[in-house]
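A.B. asks: Next comes the structure file input33.cif, holding mmCIF, C-alpha atoms; chains and numbers go by the auth columns.
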```
data_target
#
loop_
_atom_site.group_PDB
_atom_site.id
_atom_site.type_symbol
_atom_site.label_atom_id
_atom_site.label_comp_id
_atom_site.label_asym_id
_atom_site.label_seq_id
_atom_site.Cartn_x
_atom_site.Cartn_y
_atom_site.Cartn_z
_atom_site.B_iso_or_equiv
_atom_site.auth_seq_id
_atom_site.auth_asym_id
ATOM 1 C CA MET A 1 22.218 103.886 -50.042 0.00 604 V
ATOM 2 C CA LYS A 2 24.668 102.438 -52.555 0.00 605 V
ATOM 3 C CA MET A 3 27.899 100.770 -51.362 0.00 606 V
ATOM 4 C CA CYS A 4 30.976 100.268 -53.504 0.00 607 V
ATOM 5 C CA LYS A 5 32.531 96.793 -53.727 0.00 608 V
ATOM 6 C CA SER A 6 35.452 97.603 -51.369 0.00 609 V
ATOM 7 C CA SER A 7 33.052 98.986 -48.733 0.00 610 V
ATOM 8 C CA LYS A 8 30.969 95.800 -48.877 0.00 611 V
ATOM 9 C CA ILE A 9 34.077 93.655 -48.421 0.00 612 V
ATOM 10 C CA ALA A 10 35.267 95.759 -45.471 0.00 613 V
ATOM 11 C CA PHE A 11 31.814 95.583 -43.863 0.00 614 V
ATOM 12 C CA LEU A 12 31.627 91.790 -44.272 0.00 615 V
ATOM 13 C CA THR A 13 35.156 91.407 -42.899 0.00 616 V
ATOM 14 C CA VAL A 14 34.213 93.352 -39.752 0.00 617 V
ATOM 15 C CA ILE A 15 31.107 91.192 -39.283 0.00 618 V
ATOM 16 C CA ALA A 16 33.126 87.976 -39.765 0.00 619 V
ATOM 17 C CA VAL A 17 35.796 89.053 -37.250 0.00 620 V
ATOM 18 C CA PHE A 18 33.123 89.973 -34.693 0.00 621 V
ATOM 19 C CA CYS A 19 31.389 86.600 -35.073 0.00 622 V
ATOM 20 C CA VAL A 20 34.619 84.611 -34.773 0.00 623 V
ATOM 21 C CA SER A 21 35.885 86.598 -31.790 0.00 624 V
ATOM 22 C CA SER A 22 32.690 85.933 -29.826 0.00 625 V
ATOM 23 C CA THR A 23 33.034 82.153 -30.213 0.00 626 V
ATOM 24 C CA VAL A 24 34.456 80.123 -27.320 0.00 627 V
ATOM 25 C CA PHE A 25 36.776 77.216 -28.070 0.00 628 V
ATOM 26 C CA GLY A 26 38.039 74.618 -25.655 0.00 629 V
ATOM 27 C CA ALA A 27 38.913 71.102 -24.689 0.00 630 V
ATOM 28 C CA TYR A 28 37.420 68.528 -22.335 0.00 631 V
ATOM 29 C CA ARG A 29 40.279 67.353 -20.114 0.00 632 V
ATOM 30 C CA GLY A 30 38.498 64.351 -18.603 0.00 633 V
ATOM 31 C CA GLU A 31 37.579 63.471 -15.053 0.00 634 V
ATOM 32 C CA ILE A 32 39.406 64.742 -11.994 0.00 635 V
ATOM 33 C CA VAL A 33 39.261 63.002 -8.606 0.00 636 V
ATOM 34 C CA SER A 34 39.778 64.247 -5.077 0.00 637 V
ATOM 35 C CA GLY A 35 43.405 64.851 -4.191 0.00 638 V
ATOM 36 C CA GLN A 36 44.479 64.998 -7.830 0.00 639 V
ATOM 37 C CA THR A 37 46.468 67.757 -9.526 0.00 640 V
ATOM 38 C CA LYS A 38 46.479 67.880 -13.319 0.00 641 V
ATOM 39 C CA THR A 39 49.424 69.783 -14.769 0.00 642 V
ATOM 40 C CA GLY A 40 50.521 71.471 -17.956 0.00 643 V
ATOM 41 C CA TYR A 41 47.154 72.496 -19.365 0.00 644 V
ATOM 42 C CA GLU A 42 47.149 75.541 -21.626 0.00 645 V
ATOM 43 C CA ILE A 43 44.761 78.319 -22.509 0.00 646 V
ATOM 44 C CA THR A 44 45.999 78.822 -26.062 0.00 647 V
ATOM 45 C CA GLY A 45 44.109 81.905 -27.172 0.00 648 V
ATOM 46 C CA PRO A 46 41.392 84.418 -26.448 0.00 649 V
ATOM 47 C CA ALA A 47 37.960 82.912 -25.850 0.00 650 V
ATOM 48 C CA TYR A 48 39.476 79.502 -24.998 0.00 651 V
ATOM 49 C CA GLU A 49 38.347 77.405 -22.049 0.00 652 V
ATOM 50 C CA ASP A 50 39.043 73.948 -20.695 0.00 653 V
ATOM 51 C CA SER A 51 36.595 71.740 -18.821 0.00 654 V
ATOM 52 C CA LEU A 52 36.882 68.832 -16.414 0.00 655 V
ATOM 53 C CA GLY A 53 34.285 66.664 -14.711 0.00 656 V
ATOM 54 C CA PHE A 54 33.851 65.191 -11.242 0.00 657 V
ATOM 55 C CA ASP A 55 31.157 63.304 -9.344 0.00 658 V
ATOM 56 C CA GLY A 56 29.726 65.056 -6.295 0.00 659 V
ATOM 57 C CA GLN A 57 26.987 64.704 -3.706 0.00 660 V
ATOM 58 C CA THR A 58 24.629 67.323 -2.298 0.00 661 V
ATOM 59 C CA GLY A 59 26.227 69.014 0.702 0.00 662 V
ATOM 60 C CA TYR A 60 29.807 67.980 -0.072 0.00 663 V
ATOM 61 C CA ARG A 61 32.375 70.787 0.082 0.00 664 V
ATOM 62 C CA VAL A 62 34.794 71.005 -2.839 0.00 665 V
ATOM 63 C CA ILE A 63 37.889 73.122 -3.301 0.00 666 V
ATOM 64 C CA ILE A 64 39.203 73.704 -6.811 0.00 667 V
ATOM 65 C CA SER A 65 42.496 75.569 -7.231 0.00 668 V
ATOM 66 C CA VAL A 66 44.096 76.809 -10.431 0.00 669 V
ATOM 67 C CA GLU A 67 47.722 77.913 -10.507 0.00 670 V
ATOM 68 C CA ALA A 68 48.912 79.857 -13.544 0.00 671 V
ATOM 69 C CA THR A 69 52.403 78.617 -14.397 0.00 672 V
ATOM 70 C CA SER A 70 53.278 80.737 -17.457 0.00 673 V
ATOM 71 C CA GLY A 71 52.036 83.554 -19.633 0.00 674 V
ATOM 72 C CA THR A 72 49.641 86.309 -18.596 0.00 675 V
ATOM 73 C CA LEU A 73 46.724 84.035 -17.689 0.00 676 V
ATOM 74 C CA SER A 74 44.422 85.319 -14.937 0.00 677 V
ATOM 75 C CA PRO A 75 42.392 82.171 -14.251 0.00 678 V
ATOM 76 C CA ARG A 76 38.680 82.072 -13.602 0.00 679 V
ATOM 77 C CA ILE A 77 36.854 78.958 -12.396 0.00 680 V
ATOM 78 C CA ASP A 78 33.181 78.337 -13.208 0.00 681 V
ATOM 79 C CA LEU A 79 31.280 75.373 -11.738 0.00 682 V
ATOM 80 C CA TYR A 80 28.252 74.019 -13.617 0.00 683 V
ATOM 81 C CA PRO A 81 25.726 71.698 -11.924 0.00 684 V
ATOM 82 C CA PRO A 82 24.759 68.199 -13.082 0.00 685 V
ATOM 83 C CA ASP A 83 21.330 69.302 -14.310 0.00 686 V
ATOM 84 C CA GLY A 84 22.877 71.568 -16.976 0.00 687 V
ATOM 85 C CA GLY A 85 21.699 74.743 -15.288 0.00 688 V
ATOM 86 C CA PRO A 86 23.530 78.061 -15.100 0.00 689 V
ATOM 87 C CA VAL A 87 26.806 78.509 -13.223 0.00 690 V
ATOM 88 C CA GLU A 88 26.372 77.312 -9.629 0.00 691 V
ATOM 89 C CA ALA A 89 29.552 79.006 -8.403 0.00 692 V
ATOM 90 C CA SER A 90 32.514 80.909 -9.808 0.00 693 V
ATOM 91 C CA SER A 91 35.678 82.612 -8.724 0.00 694 V
ATOM 92 C CA ILE A 92 37.882 85.130 -10.508 0.00 695 V
ATOM 93 C CA PHE A 93 40.678 84.261 -8.119 0.00 696 V
ATOM 94 C CA ASP A 94 42.725 81.077 -8.087 0.00 697 V
ATOM 95 C CA THR A 95 40.513 79.090 -5.665 0.00 698 V
ATOM 96 C CA LEU A 96 36.852 78.099 -5.591 0.00 699 V
ATOM 97 C CA ASP A 97 35.515 76.785 -2.252 0.00 700 V
ATOM 98 C CA HIS A 98 31.899 75.636 -2.594 0.00 701 V
ATOM 99 C CA GLN A 99 29.283 73.395 -0.976 0.00 702 V
ATOM 100 C CA LEU A 100 27.525 71.400 -3.699 0.00 703 V
ATOM 101 C CA GLU A 101 23.792 71.951 -4.191 0.00 704 V
ATOM 102 C CA GLN A 102 23.109 68.791 -6.267 0.00 705 V
ATOM 103 C CA SER A 103 24.288 65.219 -6.706 0.00 706 V
ATOM 104 C CA GLY A 104 25.782 64.028 -9.986 0.00 707 V
ATOM 105 C CA THR A 105 28.537 64.914 -12.427 0.00 708 V
ATOM 106 C CA TYR A 106 29.677 68.535 -12.204 0.00 709 V
ATOM 107 C CA THR A 107 31.618 70.428 -14.885 0.00 710 V
ATOM 108 C CA VAL A 108 34.530 72.683 -13.973 0.00 711 V
ATOM 109 C CA VAL A 109 35.392 75.307 -16.609 0.00 712 V
ATOM 110 C CA VAL A 110 38.737 77.131 -16.507 0.00 713 V
ATOM 111 C CA HIS A 111 39.382 80.214 -18.653 0.00 714 V
ATOM 112 C CA ASP A 112 41.097 83.577 -18.559 0.00 715 V
ATOM 113 C CA SER A 113 38.999 86.044 -16.554 0.00 716 V
ATOM 114 C CA GLY A 114 38.894 88.508 -19.471 0.00 717 V
ATOM 115 C CA TYR A 115 38.927 85.900 -22.244 0.00 718 V
ATOM 116 C CA ASP A 116 41.963 87.708 -23.647 0.00 719 V
ATOM 117 C CA ASP A 117 45.155 86.285 -22.106 0.00 720 V
ATOM 118 C CA THR A 118 46.954 82.978 -22.475 0.00 721 V
ATOM 119 C CA GLY A 119 49.193 80.714 -20.453 0.00 722 V
ATOM 120 C CA THR A 120 49.648 77.322 -18.870 0.00 723 V
ATOM 121 C CA TYR A 121 48.168 76.194 -15.576 0.00 724 V
ATOM 122 C CA ASN A 122 47.742 73.363 -13.082 0.00 725 V
ATOM 123 C CA VAL A 123 44.407 72.462 -11.512 0.00 726 V
ATOM 124 C CA THR A 124 43.860 70.723 -8.146 0.00 727 V
ATOM 125 C CA PHE A 125 40.607 69.225 -6.875 0.00 728 V
ATOM 126 C CA ASP A 126 39.701 68.286 -3.304 0.00 729 V
ATOM 127 C CA ASN A 127 36.374 66.853 -2.164 0.00 730 V
ATOM 128 C CA LEU A 128 36.097 67.359 1.601 0.00 731 V
ATOM 129 C CA GLN A 129 32.759 65.502 1.989 0.00 732 V
#
```
Could you render the structure from this file as structure tokens?
C.D. replies:
Amino acid sequence: MKMCKSSKIAFLTVIAVFCVSSTVFGAYRGEIVSGQTKTGYEITGPAYEDSLGFDGQTGYRVIISVEATSGTLSPRIDLYPPDGGPVEASSIFDTLDHQLEQSGTYTVVVHDSGYDDTGTYNVTFDNLQ
């Protein structure tokens, strides 16, 4: 099958857009400690996520809350364990209440639930030990 030059360009453009749109961008926002609320963070575009870290111990109960403060953001919280394994817990609502399964530094990832909306948010962390 023979393709004309304009068809090849259109095909390559579609492939490039698909590849870029499936990439996730984000920022590491540092450590968060129990009782702390970090404010004014922003999900700036589709496929954008922020991450934060905290130290936890096996059996400790943590509560992570995200409050959307502007835009159309529908926050999702994913919690990754210290060993780098798959998501240990997640919530598509504004609060994640979870008993930790490992000791070490956890990673909290905040993103829009559909990876398609934007907005600003605040995040609060409580470690109830």
A.B. asks: With the file shown as input, list the residues that the PyMOL selection byres ((chain V and resi 672-683) around 9) selects, as an mmCIF file with C-alpha atoms, keeping the file's coordinate frame.
C.D. replies:
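The result, written out as selection.cif:
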```cif
data_model
loop_
_atom_site.group_PDB
_atom_site.id
_atom_site.type_symbol
_atom_site.label_atom_id
_atom_site.label_comp_id
_atom_site.auth_asym_id
_atom_site.auth_seq_id
_atom_site.Cartn_x
_atom_site.Cartn_y
_atom_site.Cartn_z
ATOM 1 C CA GLY V 643 50.521 71.471 -17.956
ATOM 2 C CA ILE V 646 44.761 78.319 -22.509
ATOM 3 C CA ILE V 667 39.203 73.704 -6.811
ATOM 4 C CA SER V 668 42.496 75.569 -7.231
ATOM 5 C CA VAL V 669 44.096 76.809 -10.431
ATOM 6 C CA GLU V 670 47.722 77.913 -10.507
ATOM 7 C CA ALA V 671 48.912 79.857 -13.544
ATOM 8 C CA PRO V 684 25.726 71.698 -11.924
ATOM 9 C CA PRO V 685 24.759 68.199 -13.082
ATOM 10 C CA ASP V 686 21.330 69.302 -14.310
ATOM 11 C CA GLY V 687 22.877 71.568 -16.976
ATOM 12 C CA GLY V 688 21.699 74.743 -15.288
ATOM 13 C CA PRO V 689 23.530 78.061 -15.100
ATOM 14 C CA VAL V 690 26.806 78.509 -13.223
ATOM 15 C CA GLU V 691 26.372 77.312 -9.629
ATOM 16 C CA ALA V 692 29.552 79.006 -8.403
ATOM 17 C CA SER V 693 32.514 80.909 -9.808
ATOM 18 C CA SER V 694 35.678 82.612 -8.724
ATOM 19 C CA ILE V 695 37.882 85.130 -10.508
ATOM 20 C CA PHE V 696 40.678 84.261 -8.119
ATOM 21 C CA ASP V 697 42.725 81.077 -8.087
ATOM 22 C CA THR V 698 40.513 79.090 -5.665
ATOM 23 C CA LEU V 699 36.852 78.099 -5.591
ATOM 24 C CA TYR V 709 29.677 68.535 -12.204
ATOM 25 C CA THR V 710 31.618 70.428 -14.885
ATOM 26 C CA VAL V 711 34.530 72.683 -13.973
ATOM 27 C CA VAL V 712 35.392 75.307 -16.609
ATOM 28 C CA VAL V 713 38.737 77.131 -16.507
ATOM 29 C CA HIS V 714 39.382 80.214 -18.653
ATOM 30 C CA ASP V 715 41.097 83.577 -18.559
ATOM 31 C CA SER V 716 38.999 86.044 -16.554
ATOM 32 C CA GLY V 717 38.894 88.508 -19.471
ATOM 33 C CA ASP V 719 41.963 87.708 -23.647
ATOM 34 C CA ASP V 720 45.155 86.285 -22.106
ATOM 35 C CA THR V 721 46.954 82.978 -22.475
ATOM 36 C CA GLY V 722 49.193 80.714 -20.453
ATOM 37 C CA THR V 723 49.648 77.322 -18.870
ATOM 38 C CA TYR V 724 48.168 76.194 -15.576
ATOM 39 C CA ASN V 725 47.742 73.363 -13.082
#
```
A.B. asks: Considering all atoms listed in the file, can you say which of V:Gln732, V:Gly629, V:Asp700, V:Arg664 comes closest to Glu645 in chain V?
C.D. replies: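 Answer, going by the shortest atom-to-atom distance: V:Gly629.
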A.B. asks: Go through V:Ala630, V:Leu703, V:Ile635, V:Ala650 and flag the residue nearest Val726 in chain V, using all atoms listed in the file for the distances.
C.D. replies: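 Of V:Ala630, V:Leu703, V:Ile635, V:Ala650, the one nearest Val726 in chain V, counting all atoms listed in the file, is V:Ile635.
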A.B. asks: Near Val636 in chain V, within 7 Å and counting all atoms listed in the file, which residues show up once chain neighbours fewer than 2 positions away are dropped, as a ChimeraX atom specification?
C.D. replies: /V:634,638-639,657,728
A.B. asks: Using only C-alpha atoms, can you tell me which of V:Asn730, V:Gln702, V:Phe628, V:Gly633 comes closest to Gly656 in chain V?
C.D. replies: V:Gly633
A.B. asks: Which of these residues is nearest to Gln660 in chain V, using all atoms listed in the file: V:Ser706, V:Tyr718, V:His701, V:Asp729?
C.D. replies: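 Using all atoms listed in the file, Gln660 in chain V sits closest to V:Ser706.
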A.B. asks: Hey, can you check how far CA of Thr640 in chain V sits from CA of Gly659 in chain V?
C.D. replies: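 About the pair CA of Thr640 in chain V and CA of Gly659 in chain V: they are 17.3 Å apart.
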A.B. asks: By how many Å are CA of Leu731 in chain V and CA of Leu655 in chain V apart?
C.D. replies: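 Between CA of Leu731 in chain V and CA of Leu655 in chain V the gap is 18.1 Å.
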A.B. asks: Report the distance between CA of Val665 in chain V and CA of Gly648 in chain V in Å, rounded to one decimal place.
C.D. replies: 28.2 Å
A.B. asks: Using the partial input, fill out range 681-700 of chain V with N, CA and C atoms; write the result as a short mmCIF file (atom, residue, chain, number, x, y, z; two decimals), keeping the file's coordinate frame.
C.D. replies:
```
data_model
loop_
_atom_site.label_atom_id
_atom_site.label_comp_id
_atom_site.auth_asym_id
_atom_site.auth_seq_id
_atom_site.Cartn_x
_atom_site.Cartn_y
_atom_site.Cartn_z
N ASP V 681 34.64 78.39 -13.23
CA ASP V 681 33.18 78.34 -13.21
C ASP V 681 32.77 76.89 -12.95
N LEU V 682 31.77 76.71 -12.10
CA LEU V 682 31.28 75.37 -11.74
C LEU V 682 29.83 75.23 -12.19
N TYR V 683 29.59 74.26 -13.08
CA TYR V 683 28.25 74.02 -13.62
C TYR V 683 27.65 72.76 -12.98
N PRO V 684 26.37 72.82 -12.61
CA PRO V 684 25.73 71.70 -11.92
C PRO V 684 25.37 70.54 -12.86
N PRO V 685 25.09 69.38 -12.29
CA PRO V 685 24.76 68.20 -13.08
C PRO V 685 23.52 68.36 -13.96
N ASP V 686 22.58 69.19 -13.55
CA ASP V 686 21.33 69.30 -14.31
C ASP V 686 21.46 70.21 -15.54
N GLY V 687 22.67 70.72 -15.80
CA GLY V 687 22.88 71.57 -16.98
C GLY V 687 22.45 73.00 -16.78
N GLY V 688 22.14 73.39 -15.57
CA GLY V 688 21.70 74.74 -15.29
C GLY V 688 22.82 75.76 -15.40
N PRO V 689 22.51 77.00 -15.04
CA PRO V 689 23.53 78.06 -15.10
C PRO V 689 24.62 77.83 -14.06
N VAL V 690 25.67 78.63 -14.14
CA VAL V 690 26.81 78.51 -13.22
C VAL V 690 26.31 78.47 -11.78
N GLU V 691 26.74 77.44 -11.04
CA GLU V 691 26.37 77.31 -9.63
C GLU V 691 27.31 78.13 -8.75
N ALA V 692 28.57 78.23 -9.16
CA ALA V 692 29.55 79.01 -8.40
C ALA V 692 30.69 79.39 -9.34
N SER V 693 31.34 80.51 -9.03
CA SER V 693 32.51 80.91 -9.81
C SER V 693 33.45 81.74 -8.95
N SER V 694 34.68 81.82 -9.41
CA SER V 694 35.68 82.61 -8.72
C SER V 694 36.60 83.23 -9.76
N ILE V 695 36.90 84.52 -9.62
CA ILE V 695 37.88 85.13 -10.51
C ILE V 695 39.28 85.05 -9.90
N PHE V 696 39.37 84.48 -8.74
CA PHE V 696 40.68 84.26 -8.12
C PHE V 696 41.09 82.82 -8.36
N ASP V 697 42.17 82.39 -7.78
CA ASP V 697 42.72 81.08 -8.09
C ASP V 697 42.08 79.91 -7.34
N THR V 698 41.13 80.17 -6.43
CA THR V 698 40.51 79.09 -5.66
C THR V 698 39.01 79.26 -5.57
N LEU V 699 38.30 78.15 -5.76
CA LEU V 699 36.85 78.10 -5.59
C LEU V 699 36.56 77.12 -4.46
N ASP V 700 35.90 77.60 -3.41
CA ASP V 700 35.52 76.78 -2.25
C ASP V 700 33.99 76.81 -2.21
#
```
